[in-house]
Amino acid sequence: MSPPSFFDAHLDLAYLAETGRDMLNDPPRGSDSPAAVTLKSLADSRVRRAVATVFVQPRTRDDSGENINGSWCYSSPQEAYEQSVRQLNRYDQWHVDGHVILMDRPRKTPSEKLELLLLLEGCAGIRSVNDLDDFYRRGIRILALTWVNGTRWAGGDQSGGDVTADGIALLNRADALKMVHDVSHLSEQAFWTVMETTSRPKIASHSNCRSLLPGKKHPERHLSDAQIKALANAQGVIGINLFSRFLVSTGTAAIQDVVRHIQHIVELVGRTDIIGLGSDMDGGFSALDLPTGIRRPADLGKICDALATANFTDTAIEQFAWGNWNRVFRQVGMFL
């Protein structure tokens, strides 16, 4: 088959720009932490649509004791709101300058530029439920209640805990606005509450299979078989995350490990219409942490080659690369 176009359901583009990366040129290739993603590297690949995040994180220390601090960090809900708006402004400017197309904006004809849907990841910048209407007006169409350590809205994959009363109110408002819910990063308890509470479509933008990752310190970051089946029953889609540590228990992943997670989902649910790409490229890790053989978006076609070798049909490969994400967002009216 000819190389497919790709729809990547998880890229932290504005966050990367806030860290100081020049998003209009080739990614930096330093030996210690080479990068994969810029708007240019995406334009040079076959990634034509993506879910791009508004992502801010608390000021804290990383595992090595280094301070995490920058214009994507916050110490209060008000600051989280301001930093989130800063990222929305950046997407607006990229759209005005012609670097991307924001898919909530009216347009007469399809574009060859990268088209973006916007995801509010973690909701730290929502000071009250009323703020969600403002974020919606600014282009947010997908909502993820929490990040790793939880928020006032819900427990995270490292913290545990359920959706809070405030979180239920936020879910209800998101349903009224006809948003899509992203369950990646939810604790398992919060996952089931979201599945039972909301009437709108559910996705996992960047999550892999827990049963293939024994011994992980934070197993709830990955989907259990029961969660995968629930998403399949809800006609959701799961984006395979390309972070090596989310593909194998130890060491560096190979492209075959990506195929292994896809195969597990297919065998579990008996369908190929539930799987897509949610690469999370450069989402807090370098290109060296991608599977061997993948260093830039232009390498994504190697996954399709491996799927073909594993006897996936051309239709199933196209569904993974493009069709499944395109279907779920088109069905909810997010683009033509």
# chains A, B, ... in the order shown; residues from 1 in each chain; ligands from 1

call {"tool": "closest_atom_pairs", "arguments": {"of": "range 225-246 of chain A", "to": "range 177-191 of chain A", "cutoff": "12 Å", "atoms": "only C-alpha atoms", "output": "JSON lines"}}
result
{"residue": "A:Asp225", "atom": "CA", "partner": "A:Glu188", "partner_atom": "CA", "distance": 11.7}
{"residue": "A:Ala226", "atom": "CA", "partner": "A:Glu188", "partner_atom": "CA", "distance": 10.3}
{"residue": "A:Gln227", "atom": "CA", "partner": "A:Phe191", "partner_atom": "CA", "distance": 8.1}
{"residue": "A:Ile228", "atom": "CA", "partner": "A:Val183", "partner_atom": "CA", "distance": 11.1}
{"residue": "A:Ala230", "atom": "CA", "partner": "A:Phe191", "partner_atom": "CA", "distance": 10.2}
{"residue": "A:Leu231", "atom": "CA", "partner": "A:Val183", "partner_atom": "CA", "distance": 9.6}
{"residue": "A:Ala234", "atom": "CA", "partner": "A:His181", "partner_atom": "CA", "distance": 11.9}
{"residue": "A:Gly236", "atom": "CA", "partner": "A:Asp182", "partner_atom": "CA", "distance": 9.8}
{"residue": "A:Val237", "atom": "CA", "partner": "A:Asp182", "partner_atom": "CA", "distance": 9.9}
{"residue": "A:Ile238", "atom": "CA", "partner": "A:Ser184", "partner_atom": "CA", "distance": 9.1}
{"residue": "A:Gly239", "atom": "CA", "partner": "A:Ser184", "partner_atom": "CA", "distance": 9.4}
{"residue": "A:Ile240", "atom": "CA", "partner": "A:Ser184", "partner_atom": "CA", "distance": 10.9}
{"residue": "A:Asn241", "atom": "CA", "partner": "A:Ser184", "partner_atom": "CA", "distance": 10.4}

call {"tool": "select_by_dssp", "arguments": {"residues": "range 54-303 of chain A", "states": "strand (DSSP E or B)", "output": "VMD selection string"}}
result
chain A and resid 54 to 55 57 to 58 60 to 61 67 to 68 73 to 74 100 to 102 114 to 121 140 to 144 156 160 180 to 182 186 202 to 204 209 223 238 to 240 254 275 to 277 292

call {"tool": "write_last_selection", "arguments": {"atoms": "C-alpha atoms", "output": "mmCIF file, in the first residue's frame"}}
result
data_model
loop_
_atom_site.group_PDB
_atom_site.id
_atom_site.type_symbol
_atom_site.label_atom_id
_atom_site.label_comp_id
_atom_site.auth_asym_id
_atom_site.auth_seq_id
_atom_site.Cartn_x
_atom_site.Cartn_y
_atom_site.Cartn_z
ATOM 1 C CA VAL A 54 -2.793 22.705 26.403
ATOM 2 C CA PHE A 55 -0.662 21.269 29.189
ATOM 3 C CA GLN A 57 2.292 21.290 35.318
ATOM 4 C CA PRO A 58 2.987 22.200 38.941
ATOM 5 C CA THR A 60 8.120 20.759 41.552
ATOM 6 C CA ARG A 61 11.316 18.686 41.410
ATOM 7 C CA ASN A 67 13.543 22.072 39.745
ATOM 8 C CA ILE A 68 10.817 21.999 37.104
ATOM 9 C CA CYS A 73 4.434 25.667 35.255
ATOM 10 C CA TYR A 74 2.167 27.003 37.965
ATOM 11 C CA VAL A 100 -1.326 25.275 11.306
ATOM 12 C CA ILE A 101 -5.091 25.134 10.862
ATOM 13 C CA LEU A 102 -7.229 25.079 14.011
ATOM 14 C CA LEU A 114 -1.281 20.440 9.779
ATOM 15 C CA GLU A 115 -4.807 20.534 11.211
ATOM 16 C CA LEU A 116 -5.212 20.609 14.984
ATOM 17 C CA LEU A 117 -7.913 19.768 17.493
ATOM 18 C CA LEU A 118 -7.200 21.098 20.987
ATOM 19 C CA LEU A 119 -7.167 19.056 24.208
ATOM 20 C CA LEU A 120 -7.119 20.534 27.705
ATOM 21 C CA GLU A 121 -4.888 18.032 29.504
ATOM 22 C CA ILE A 140 -10.850 23.338 23.386
ATOM 23 C CA ARG A 141 -12.919 20.363 22.250
ATOM 24 C CA ILE A 142 -11.426 17.484 24.286
ATOM 25 C CA LEU A 143 -11.203 17.318 28.077
ATOM 26 C CA ALA A 144 -8.846 15.303 30.290
ATOM 27 C CA GLY A 156 -4.555 10.610 38.619
ATOM 28 C CA GLY A 160 -5.401 7.169 42.858
ATOM 29 C CA VAL A 180 -15.049 14.519 24.023
ATOM 30 C CA HIS A 181 -13.551 12.989 27.191
ATOM 31 C CA ASP A 182 -9.948 11.735 27.310
ATOM 32 C CA LEU A 186 -7.102 8.953 35.119
ATOM 33 C CA LYS A 202 -14.631 8.658 25.402
ATOM 34 C CA ILE A 203 -11.081 8.191 24.087
ATOM 35 C CA ALA A 204 -7.681 7.297 25.532
ATOM 36 C CA CYS A 209 -1.800 -2.171 27.575
ATOM 37 C CA LEU A 223 -5.178 0.396 30.468
ATOM 38 C CA ILE A 238 -7.079 4.152 22.050
ATOM 39 C CA GLY A 239 -3.947 6.003 20.924
ATOM 40 C CA ILE A 240 -0.781 3.903 21.194
ATOM 41 C CA ALA A 254 11.465 -1.874 19.250
ATOM 42 C CA ILE A 275 -6.771 1.637 17.730
ATOM 43 C CA GLY A 276 -4.926 4.755 16.577
ATOM 44 C CA LEU A 277 -1.691 6.631 17.135
ATOM 45 C CA THR A 292 14.492 1.868 17.959
#

call {"tool": "closest_residue", "arguments": {"among": "A:Ser224, A:Ser33, A:Ser286, A:Thr53", "to": "Tyr91 in chain A", "atoms": "only C-alpha atoms"}}
result
A:Thr53

call {"tool": "residues_around", "arguments": {"residues": "range 21-23 of chain A", "least_positions_apart": "2", "cutoff": "10 Å", "atoms": "only C-alpha atoms", "output": "list in words"}}
result
Leu13, Ala14, Tyr15, Leu16, Ala17, Glu18, Thr19, Asn25, Asp26, Pro27, Pro28, Ala35, Val37, Thr38, Leu39, Lys40, Ser41, Leu42 and His99 of chain A

call {"tool": "residues_around", "arguments": {"residues": "range 293-295 of chain A", "least_positions_apart": "3", "cutoff": "10 Å", "atoms": "only C-alpha atoms", "output": "PyMOL selection string"}}
result
chain A and resi 34-37+242+253-255+281+286-290+298-303

call {"tool": "residues_around", "arguments": {"residues": "range 75-84 of chain A", "least_positions_apart": "6", "cutoff": "6 Å", "atoms": "only C-alpha atoms", "output": "PDB file with N, CA and C atoms, in the first residue's frame"}}
result
ATOM      1  N   ALA A 124      -5.839  21.868  34.985  1.00  0.00           N
ATOM      2  CA  ALA A 124      -5.320  22.673  36.101  1.00  0.00           C
ATOM      3  C   ALA A 124      -5.672  24.139  35.944  1.00  0.00           C
ATOM      4  N   GLY A 125      -5.841  24.605  34.708  1.00  0.00           N
ATOM      5  CA  GLY A 125      -6.130  26.013  34.470  1.00  0.00           C
ATOM      6  C   GLY A 125      -7.588  26.388  34.588  1.00  0.00           C
ATOM      7  N   ARG A 127     -10.352  27.379  36.862  1.00  0.00           N
ATOM      8  CA  ARG A 127     -10.495  27.847  38.246  1.00  0.00           C
ATOM      9  C   ARG A 127     -11.867  27.504  38.812  1.00  0.00           C
TER      10      ARG A 127
END

call {"tool": "select_by_dssp", "arguments": {"residues": "range 90-272 of chain A", "states": "helix (DSSP H, G or I)", "output": "PDB file with N, CA and C atoms, in the first residue's frame"}}
result
ATOM      1  N   ARG A  90      -0.719  30.983  21.736  1.00  0.00           N
ATOM      2  CA  ARG A  90       0.314  30.509  20.813  1.00  0.00           C
ATOM      3  C   ARG A  90      -0.316  29.740  19.652  1.00  0.00           C
ATOM      4  N   TYR A  91      -1.268  28.871  19.965  1.00  0.00           N
ATOM      5  CA  TYR A  91      -1.959  28.166  18.873  1.00  0.00           C
ATOM      6  C   TYR A  91      -2.666  29.158  17.955  1.00  0.00           C
ATOM      7  N   ASP A  92      -3.315  30.163  18.542  1.00  0.00           N
ATOM      8  CA  ASP A  92      -3.980  31.184  17.726  1.00  0.00           C
ATOM      9  C   ASP A  92      -2.987  31.859  16.788  1.00  0.00           C
ATOM     10  N   GLN A  93      -1.809  32.191  17.311  1.00  0.00           N
ATOM     11  CA  GLN A  93      -0.820  32.885  16.486  1.00  0.00           C
ATOM     12  C   GLN A  93      -0.301  31.991  15.372  1.00  0.00           C
ATOM     13  N   TRP A  94      -0.063  30.725  15.687  1.00  0.00           N
ATOM     14  CA  TRP A  94       0.356  29.796  14.629  1.00  0.00           C
ATOM     15  C   TRP A  94      -0.706  29.718  13.532  1.00  0.00           C
ATOM     16  N   HIS A  95      -1.976  29.718  13.935  1.00  0.00           N
ATOM     17  CA  HIS A  95      -3.068  29.674  12.964  1.00  0.00           C
ATOM     18  C   HIS A  95      -3.066  30.946  12.108  1.00  0.00           C
ATOM     19  N   VAL A  96      -2.964  32.104  12.743  1.00  0.00           N
ATOM     20  CA  VAL A  96      -2.966  33.377  12.018  1.00  0.00           C
ATOM     21  C   VAL A  96      -1.778  33.458  11.060  1.00  0.00           C
ATOM     22  N   ASP A 131     -15.238  28.478  33.834  1.00  0.00           N
ATOM     23  CA  ASP A 131     -14.111  28.706  32.932  1.00  0.00           C
ATOM     24  C   ASP A 131     -14.163  27.793  31.709  1.00  0.00           C
ATOM     25  N   LEU A 132     -14.810  26.646  31.835  1.00  0.00           N
ATOM     26  CA  LEU A 132     -14.808  25.702  30.726  1.00  0.00           C
ATOM     27  C   LEU A 132     -15.457  26.311  29.486  1.00  0.00           C
ATOM     28  N   ASP A 133     -16.488  27.135  29.676  1.00  0.00           N
ATOM     29  CA  ASP A 133     -17.119  27.798  28.529  1.00  0.00           C
ATOM     30  C   ASP A 133     -16.129  28.692  27.803  1.00  0.00           C
ATOM     31  N   ASP A 134     -15.279  29.382  28.549  1.00  0.00           N
ATOM     32  CA  ASP A 134     -14.276  30.243  27.922  1.00  0.00           C
ATOM     33  C   ASP A 134     -13.253  29.409  27.154  1.00  0.00           C
ATOM     34  N   PHE A 135     -12.822  28.319  27.740  1.00  0.00           N
ATOM     35  CA  PHE A 135     -11.866  27.450  27.036  1.00  0.00           C
ATOM     36  C   PHE A 135     -12.505  26.856  25.780  1.00  0.00           C
ATOM     37  N   TYR A 136     -13.779  26.525  25.861  1.00  0.00           N
ATOM     38  CA  TYR A 136     -14.468  26.008  24.681  1.00  0.00           C
ATOM     39  C   TYR A 136     -14.497  27.063  23.579  1.00  0.00           C
ATOM     40  N   ARG A 137     -14.799  28.290  23.931  1.00  0.00           N
ATOM     41  CA  ARG A 137     -14.827  29.366  22.935  1.00  0.00           C
ATOM     42  C   ARG A 137     -13.449  29.575  22.312  1.00  0.00           C
ATOM     43  N   ALA A 165     -16.646  15.760  43.484  1.00  0.00           N
ATOM     44  CA  ALA A 165     -17.937  16.403  43.211  1.00  0.00           C
ATOM     45  C   ALA A 165     -17.777  17.540  42.218  1.00  0.00           C
ATOM     46  N   ASP A 166     -16.698  18.324  42.352  1.00  0.00           N
ATOM     47  CA  ASP A 166     -16.418  19.374  41.374  1.00  0.00           C
ATOM     48  C   ASP A 166     -16.165  18.764  40.000  1.00  0.00           C
ATOM     49  N   GLY A 167     -15.477  17.621  39.975  1.00  0.00           N
ATOM     50  CA  GLY A 167     -15.210  16.948  38.714  1.00  0.00           C
ATOM     51  C   GLY A 167     -16.481  16.487  38.020  1.00  0.00           C
ATOM     52  N   ILE A 168     -17.432  15.998  38.787  1.00  0.00           N
ATOM     53  CA  ILE A 168     -18.721  15.595  38.208  1.00  0.00           C
ATOM     54  C   ILE A 168     -19.405  16.792  37.563  1.00  0.00           C
ATOM     55  N   ALA A 169     -19.361  17.930  38.248  1.00  0.00           N
ATOM     56  CA  ALA A 169     -19.963  19.143  37.679  1.00  0.00           C
ATOM     57  C   ALA A 169     -19.253  19.541  36.388  1.00  0.00           C
ATOM     58  N   LEU A 170     -17.937  19.383  36.354  1.00  0.00           N
ATOM     59  CA  LEU A 170     -17.182  19.724  35.146  1.00  0.00           C
ATOM     60  C   LEU A 170     -17.507  18.759  34.007  1.00  0.00           C
ATOM     61  N   LEU A 171     -17.630  17.477  34.315  1.00  0.00           N
ATOM     62  CA  LEU A 171     -18.022  16.504  33.295  1.00  0.00           C
ATOM     63  C   LEU A 171     -19.393  16.840  32.722  1.00  0.00           C
ATOM     64  N   ASN A 172     -20.325  17.202  33.581  1.00  0.00           N
ATOM     65  CA  ASN A 172     -21.671  17.530  33.116  1.00  0.00           C
ATOM     66  C   ASN A 172     -21.659  18.757  32.205  1.00  0.00           C
ATOM     67  N   ARG A 173     -20.838  19.748  32.557  1.00  0.00           N
ATOM     68  CA  ARG A 173     -20.759  20.939  31.714  1.00  0.00           C
ATOM     69  C   ARG A 173     -20.108  20.588  30.373  1.00  0.00           C
ATOM     70  N   ALA A 174     -19.074  19.732  30.398  1.00  0.00           N
ATOM     71  CA  ALA A 174     -18.425  19.300  29.157  1.00  0.00           C
ATOM     72  C   ALA A 174     -19.410  18.564  28.261  1.00  0.00           C
ATOM     73  N   ASP A 175     -20.263  17.728  28.864  1.00  0.00           N
ATOM     74  CA  ASP A 175     -21.294  17.040  28.081  1.00  0.00           C
ATOM     75  C   ASP A 175     -22.240  18.049  27.426  1.00  0.00           C
ATOM     76  N   ALA A 176     -22.628  19.070  28.184  1.00  0.00           N
ATOM     77  CA  ALA A 176     -23.537  20.081  27.636  1.00  0.00           C
ATOM     78  C   ALA A 176     -22.904  20.832  26.470  1.00  0.00           C
ATOM     79  N   GLU A 188      -7.715   4.333  37.892  1.00  0.00           N
ATOM     80  CA  GLU A 188      -8.709   3.381  37.418  1.00  0.00           C
ATOM     81  C   GLU A 188     -10.083   3.674  38.030  1.00  0.00           C
ATOM     82  N   GLN A 189     -10.125   4.056  39.290  1.00  0.00           N
ATOM     83  CA  GLN A 189     -11.406   4.379  39.913  1.00  0.00           C
ATOM     84  C   GLN A 189     -12.074   5.540  39.192  1.00  0.00           C
ATOM     85  N   ALA A 190     -11.303   6.581  38.884  1.00  0.00           N
ATOM     86  CA  ALA A 190     -11.869   7.726  38.185  1.00  0.00           C
ATOM     87  C   ALA A 190     -12.276   7.364  36.755  1.00  0.00           C
ATOM     88  N   PHE A 191     -11.516   6.474  36.134  1.00  0.00           N
ATOM     89  CA  PHE A 191     -11.868   6.007  34.784  1.00  0.00           C
ATOM     90  C   PHE A 191     -13.291   5.465  34.765  1.00  0.00           C
ATOM     91  N   TRP A 192     -13.595   4.570  35.698  1.00  0.00           N
ATOM     92  CA  TRP A 192     -14.919   3.941  35.684  1.00  0.00           C
ATOM     93  C   TRP A 192     -16.018   4.959  35.976  1.00  0.00           C
ATOM     94  N   THR A 193     -15.722   5.945  36.805  1.00  0.00           N
ATOM     95  CA  THR A 193     -16.715   6.985  37.067  1.00  0.00           C
ATOM     96  C   THR A 193     -16.990   7.803  35.806  1.00  0.00           C
ATOM     97  N   VAL A 194     -15.941   8.150  35.084  1.00  0.00           N
ATOM     98  CA  VAL A 194     -16.129   8.893  33.834  1.00  0.00           C
ATOM     99  C   VAL A 194     -16.933   8.063  32.843  1.00  0.00           C
ATOM    100  N   MET A 195     -16.604   6.784  32.735  1.00  0.00           N
ATOM    101  CA  MET A 195     -17.318   5.928  31.781  1.00  0.00           C
ATOM    102  C   MET A 195     -18.802   5.838  32.122  1.00  0.00           C
ATOM    103  N   GLU A 196     -19.103   5.830  33.417  1.00  0.00           N
ATOM    104  CA  GLU A 196     -20.500   5.668  33.851  1.00  0.00           C
ATOM    105  C   GLU A 196     -21.271   6.982  33.894  1.00  0.00           C
ATOM    106  N   THR A 197     -20.553   8.102  34.020  1.00  0.00           N
ATOM    107  CA  THR A 197     -21.204   9.387  34.257  1.00  0.00           C
ATOM    108  C   THR A 197     -21.511  10.134  32.968  1.00  0.00           C
ATOM    109  N   ARG A 210      -1.795  -2.487  29.984  1.00  0.00           N
ATOM    110  CA  ARG A 210      -1.216  -2.805  31.288  1.00  0.00           C
ATOM    111  C   ARG A 210      -0.735  -4.252  31.367  1.00  0.00           C
ATOM    112  N   SER A 211      -1.477  -5.169  30.759  1.00  0.00           N
ATOM    113  CA  SER A 211      -1.125  -6.587  30.882  1.00  0.00           C
ATOM    114  C   SER A 211       0.186  -6.928  30.201  1.00  0.00           C
ATOM    115  N   LEU A 212       0.677  -6.057  29.319  1.00  0.00           N
ATOM    116  CA  LEU A 212       1.957  -6.284  28.648  1.00  0.00           C
ATOM    117  C   LEU A 212       3.113  -5.591  29.361  1.00  0.00           C
ATOM    118  N   PRO A 219       1.073   1.188  37.586  1.00  0.00           N
ATOM    119  CA  PRO A 219       0.347   0.413  36.571  1.00  0.00           C
ATOM    120  C   PRO A 219      -0.903   1.095  36.040  1.00  0.00           C
ATOM    121  N   GLU A 220      -1.524   1.988  36.821  1.00  0.00           N
ATOM    122  CA  GLU A 220      -2.763   2.608  36.372  1.00  0.00           C
ATOM    123  C   GLU A 220      -2.553   3.620  35.250  1.00  0.00           C
ATOM    124  N   ARG A 221      -1.287   3.926  34.923  1.00  0.00           N
ATOM    125  CA  ARG A 221      -1.020   4.756  33.744  1.00  0.00           C
ATOM    126  C   ARG A 221      -1.420   4.021  32.470  1.00  0.00           C
ATOM    127  N   ASP A 225      -7.166  -4.780  30.751  1.00  0.00           N
ATOM    128  CA  ASP A 225      -7.974  -5.414  29.715  1.00  0.00           C
ATOM    129  C   ASP A 225      -9.441  -5.029  29.851  1.00  0.00           C
ATOM    130  N   ALA A 226      -9.923  -4.914  31.094  1.00  0.00           N
ATOM    131  CA  ALA A 226     -11.323  -4.525  31.304  1.00  0.00           C
ATOM    132  C   ALA A 226     -11.573  -3.107  30.796  1.00  0.00           C
ATOM    133  N   GLN A 227     -10.627  -2.213  31.009  1.00  0.00           N
ATOM    134  CA  GLN A 227     -10.782  -0.839  30.519  1.00  0.00           C
ATOM    135  C   GLN A 227     -10.786  -0.805  28.987  1.00  0.00           C
ATOM    136  N   ILE A 228      -9.902  -1.576  28.380  1.00  0.00           N
ATOM    137  CA  ILE A 228      -9.853  -1.634  26.913  1.00  0.00           C
ATOM    138  C   ILE A 228     -11.190  -2.115  26.360  1.00  0.00           C
ATOM    139  N   LYS A 229     -11.749  -3.169  26.968  1.00  0.00           N
ATOM    140  CA  LYS A 229     -13.042  -3.686  26.508  1.00  0.00           C
ATOM    141  C   LYS A 229     -14.142  -2.644  26.692  1.00  0.00           C
ATOM    142  N   ALA A 230     -14.097  -1.901  27.793  1.00  0.00           N
ATOM    143  CA  ALA A 230     -15.114  -0.878  28.028  1.00  0.00           C
ATOM    144  C   ALA A 230     -15.034   0.222  26.979  1.00  0.00           C
ATOM    145  N   LEU A 231     -13.837   0.640  26.622  1.00  0.00           N
ATOM    146  CA  LEU A 231     -13.689   1.657  25.580  1.00  0.00           C
ATOM    147  C   LEU A 231     -14.171   1.132  24.235  1.00  0.00           C
ATOM    148  N   ALA A 232     -13.880  -0.139  23.954  1.00  0.00           N
ATOM    149  CA  ALA A 232     -14.362  -0.741  22.707  1.00  0.00           C
ATOM    150  C   ALA A 232     -15.887  -0.768  22.687  1.00  0.00           C
ATOM    151  N   ASN A 233     -16.494  -1.143  23.801  1.00  0.00           N
ATOM    152  CA  ASN A 233     -17.956  -1.193  23.868  1.00  0.00           C
ATOM    153  C   ASN A 233     -18.574   0.188  23.721  1.00  0.00           C
ATOM    154  N   SER A 244       9.123   4.492  25.102  1.00  0.00           N
ATOM    155  CA  SER A 244       9.631   3.125  25.288  1.00  0.00           C
ATOM    156  C   SER A 244       9.194   2.516  26.609  1.00  0.00           C
ATOM    157  N   ARG A 245       9.219   3.321  27.678  1.00  0.00           N
ATOM    158  CA  ARG A 245       8.886   2.783  29.002  1.00  0.00           C
ATOM    159  C   ARG A 245       7.403   2.452  29.131  1.00  0.00           C
ATOM    160  N   PHE A 246       6.600   2.893  28.153  1.00  0.00           N
ATOM    161  CA  PHE A 246       5.189   2.524  28.134  1.00  0.00           C
ATOM    162  C   PHE A 246       4.907   1.401  27.136  1.00  0.00           C
ATOM    163  N   ILE A 255      10.108  -1.429  17.305  1.00  0.00           N
ATOM    164  CA  ILE A 255       8.846  -1.228  16.595  1.00  0.00           C
ATOM    165  C   ILE A 255       7.923  -2.422  16.797  1.00  0.00           C
ATOM    166  N   GLN A 256       8.504  -3.621  16.918  1.00  0.00           N
ATOM    167  CA  GLN A 256       7.682  -4.807  17.132  1.00  0.00           C
ATOM    168  C   GLN A 256       6.893  -4.719  18.441  1.00  0.00           C
ATOM    169  N   ASP A 257       7.406  -3.972  19.411  1.00  0.00           N
ATOM    170  CA  ASP A 257       6.662  -3.805  20.670  1.00  0.00           C
ATOM    171  C   ASP A 257       5.423  -2.932  20.470  1.00  0.00           C
ATOM    172  N   VAL A 258       5.494  -1.973  19.554  1.00  0.00           N
ATOM    173  CA  VAL A 258       4.304  -1.204  19.200  1.00  0.00           C
ATOM    174  C   VAL A 258       3.252  -2.147  18.612  1.00  0.00           C
ATOM    175  N   VAL A 259       3.705  -3.010  17.697  1.00  0.00           N
ATOM    176  CA  VAL A 259       2.807  -3.978  17.074  1.00  0.00           C
ATOM    177  C   VAL A 259       2.209  -4.904  18.129  1.00  0.00           C
ATOM    178  N   ARG A 260       3.004  -5.278  19.114  1.00  0.00           N
ATOM    179  CA  ARG A 260       2.543  -6.196  20.166  1.00  0.00           C
ATOM    180  C   ARG A 260       1.362  -5.603  20.934  1.00  0.00           C
ATOM    181  N   HIS A 261       1.431  -4.314  21.261  1.00  0.00           N
ATOM    182  CA  HIS A 261       0.314  -3.671  21.967  1.00  0.00           C
ATOM    183  C   HIS A 261      -0.913  -3.585  21.072  1.00  0.00           C
ATOM    184  N   ILE A 262      -0.713  -3.268  19.806  1.00  0.00           N
ATOM    185  CA  ILE A 262      -1.845  -3.216  18.876  1.00  0.00           C
ATOM    186  C   ILE A 262      -2.474  -4.595  18.738  1.00  0.00           C
ATOM    187  N   GLN A 263      -1.639  -5.622  18.578  1.00  0.00           N
ATOM    188  CA  GLN A 263      -2.164  -6.987  18.445  1.00  0.00           C
ATOM    189  C   GLN A 263      -2.954  -7.402  19.671  1.00  0.00           C
ATOM    190  N   HIS A 264      -2.475  -7.026  20.853  1.00  0.00           N
ATOM    191  CA  HIS A 264      -3.175  -7.410  22.079  1.00  0.00           C
ATOM    192  C   HIS A 264      -4.578  -6.810  22.106  1.00  0.00           C
ATOM    193  N   ILE A 265      -4.703  -5.549  21.723  1.00  0.00           N
ATOM    194  CA  ILE A 265      -6.017  -4.908  21.722  1.00  0.00           C
ATOM    195  C   ILE A 265      -6.939  -5.581  20.711  1.00  0.00           C
ATOM    196  N   VAL A 266      -6.410  -5.867  19.532  1.00  0.00           N
ATOM    197  CA  VAL A 266      -7.217  -6.517  18.492  1.00  0.00           C
ATOM    198  C   VAL A 266      -7.686  -7.893  18.956  1.00  0.00           C
ATOM    199  N   GLU A 267      -6.786  -8.658  19.550  1.00  0.00           N
ATOM    200  CA  GLU A 267      -7.156  -9.997  20.021  1.00  0.00           C
ATOM    201  C   GLU A 267      -8.171  -9.919  21.156  1.00  0.00           C
ATOM    202  N   LEU A 268      -8.071  -8.878  21.980  1.00  0.00           N
ATOM    203  CA  LEU A 268      -8.952  -8.726  23.138  1.00  0.00           C
ATOM    204  C   LEU A 268     -10.382  -8.379  22.722  1.00  0.00           C
ATOM    205  N   VAL A 269     -10.515  -7.482  21.754  1.00  0.00           N
ATOM    206  CA  VAL A 269     -11.851  -6.985  21.412  1.00  0.00           C
ATOM    207  C   VAL A 269     -12.359  -7.527  20.073  1.00  0.00           C
TER     208      VAL A 269
END

call {"tool": "closest_residue", "arguments": {"among": "A:Ser205, A:Pro297, A:Thr272, A:Asp8", "to": "Thr313 in chain A", "atoms": "only C-alpha atoms"}}
result
A:Thr272

call {"tool": "closest_residue", "arguments": {"among": "A:Asp104, A:Lys217, A:Leu145, A:Thr252", "to": "Gly333 in chain A", "atoms": "only C-alpha atoms"}}
result
A:Asp104

call {"tool": "residues_around", "arguments": {"residues": "Val47 in chain A", "least_positions_apart": "4", "cutoff": "6 Å", "atoms": "only C-alpha atoms", "output": "PyMOL selection string"}}
result
chain A and resi 5-7+42

call {"tool": "atom_distance", "arguments": {"atom1": "CA of Ala308 in chain A", "atom2": "CA of Asp273 in chain A"}}
result
16.2 Å

call {"tool": "atom_distance", "arguments": {"atom1": "CA of Phe243 in chain A", "atom2": "CA of Met103 in chain A"}}
result
26.8 Å
